[in-house]
Structure formats: C-alpha cells, structure tokens
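> Here it is, the structure, as structure tokens.
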Amino acid sequence: MFDPSIQIMLWLLAALLIALGFAGLILPMLPGIPLVFAGLVLLAWAENFVYVGWITLTLLGVLAALSYGVDLAASALGAKRFGASPRAVIGAALGALVGIFFGLPGIVLGPFVGAVVGEFSGKASLKAATHAGVGATLGLLFGALLKIALAFTMIGVFVVDRLL
C-alpha cells in the first residue's frame with residue numbers, strides 16, 4: 001500500500017492525465033484516448049489493482065486500440081457513404097493520415113482534400129469531387145464523436161468495475 005500522500009499525488013496525476021486525454025479528443029496535438037487509458041491505469045495502480053484488475057485494464061486497452069482504427073476508417077467510410085469512388089475513399093484515408101501532421105487545419109481539411117483529389121483522379125466532375133469531400137469531412141466528425149463515446153465508455157467500465 002502506498003503512503004496516503006503518495007496515493008493522493010497519484011490520484012491527482014491520474015485525474016490530470018484523464019483531463020488532458022479529453023482535451024486531446026478535440027485538440028489534435030494531444031493523444032486523447034491513450035492519455036485517458038494511462039490515467040485509468042494509474043488510478044488502478046494507486047489502489048494496488050485491488051478494485052480494478054488486469055482483466056478490466058486489458059478491456060480498456062482494447063478499447064483504446066480500437067480508437068486508432070476509428071480515426072482512419074471514419075473519413076473513408078463517410079466518403080463512401082456519399083457515393084464516392086474507391087479512389088476518393090483511399091484519398092480520404094490518406095488525407096486523414098497526412099493531415100495529422102498539420103495540426104487542426106490538416107485534420108479537418110486532409111480528408112476533404114484527399115477525397116476531392118482522389119475523385120478528380122478518376123475524372124469526376126467538380127460536383128462529385130466536392131460531394132466526396134463533404135462525405136469525408138462528415139465521416140471525420142462522426143469519428144471524433146465515436147472517440148468521445150469510446151472515452152466515456154472506458155471511464156464507465158472503470159467506474160462500474162471499481163464500484164462492484
């Protein structure tokens with residue numbers, strides 16, 4: 001068991017990591033879900049894994065890993081849902097990947113530009129290319145909402161396991 005003052009410091013550090021993680025769900029400079037996961041692991045460790053054990057932490061780790069696929073797939077699926085060609089879908093996914101390196105403007109515009117360029121490479125009209133770009137951007141927004149839902153699910157799983 002930790003000294004109570006150390007345990008309080010661990011709880012505060014865990015709360016800070018979780019808060020930064022939620023900020024990271026909106027701000028692209030911070031890895032949101034991994035910070036939430038790190039904070040939850042630190043909370044479990046602060047209590048010597050008495051209340052929350054390795055099975056729950058493994059489940060939380062799987063949910064955290066799932067969030068990475070959500071980011072890349074969401075904009076590509078959004079473009080596909082709007083009737084984009086396979087080239088536009090690939091362009092949206094590549095645009096999302098490249099956009100990560102350009103901060104918030106890149107994250108928002110990357111899938112749009114990627115889908116538009118992909119659709120144009122197939123000799124599509126401006127209207128079809130723009131439509132594909134809008135779909136990719138809406139997919140990105142949906143992906144962000146899914147990541148927020150995953151973060152709240154992780155918190156909920158932790159709290160339920162902690163209370164039971």
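Each chain in the structure tokens gets a letter, A, B and so on, in the order shown; residues start at 1 in every chain, and ligands are counted from 1 in the order they appear.
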Fewer than 2 positions away in the same chain doesn't count, so skip those; otherwise give me all residues within 8 Å of range 81-92 of chain A, counting only C-alpha atoms, as a list in words.
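Skipping anything fewer than 2 positions along the chain leaves Ser75, Ala76, Leu77, Gly78, Ala79, Leu94, Gly95, Ala96, Gly110, Pro111, Phe112, Val113, Gly114, Ala115, Val116, Val117, Gly118, Glu119, Ser121, Gly122, Ala128, Ala129, His131, Ala132, Gly133, Gly135 and Ala136 of chain A.
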> Pick out the residues sitting within 12 Å of Leu66 in chain A, and hand them over as an NGL selection string; count only C-alpha atoms, and ignore anything fewer than 2 positions along from it in its own chain.
:A and (33-34 or 59-64 or 68-73 or 143 or 146-147 or 149-151 or 154)
> For CA of Trp45 in chain A and CA of Leu27 in chain A, quote the distance in Å rounded to one decimal.
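CA of Leu27 in chain A lies at a distance of 27.4 Å from CA of Trp45 in chain A.
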> For Thr56 in chain A, which residue out of A:Phe37, A:Ala23, A:Ile8, A:Ala74 is the nearest one, using only C-alpha atoms?
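Comparing A:Phe37, A:Ala23, A:Ile8, A:Ala74 against Thr56 in chain A, the winner is A:Phe37.
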> State, in Å with one decimal place, the distance from CA of Ile6 in chain A to CA of Leu40 in chain A.
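For CA of Ile6 in chain A relative to CA of Leu40 in chain A, the distance reads 16.5 Å.
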> Fewer than 2 positions away in the same chain doesn't count, so skip those; otherwise give me all residues within 12 Å of Ala19 in chain A, counting only C-alpha atoms, as a PyMOL selection string.
chain A and resi 12-17+21-26+30-40+151-152+155
> Looking only at the backbone, which of the residues in range 73-141 of chain A does DSSP tag as alpha helix (DSSP H), as a VMD selection string?
chain A and resid 73 to 81 86 to 99 103 to 121 126 to 141
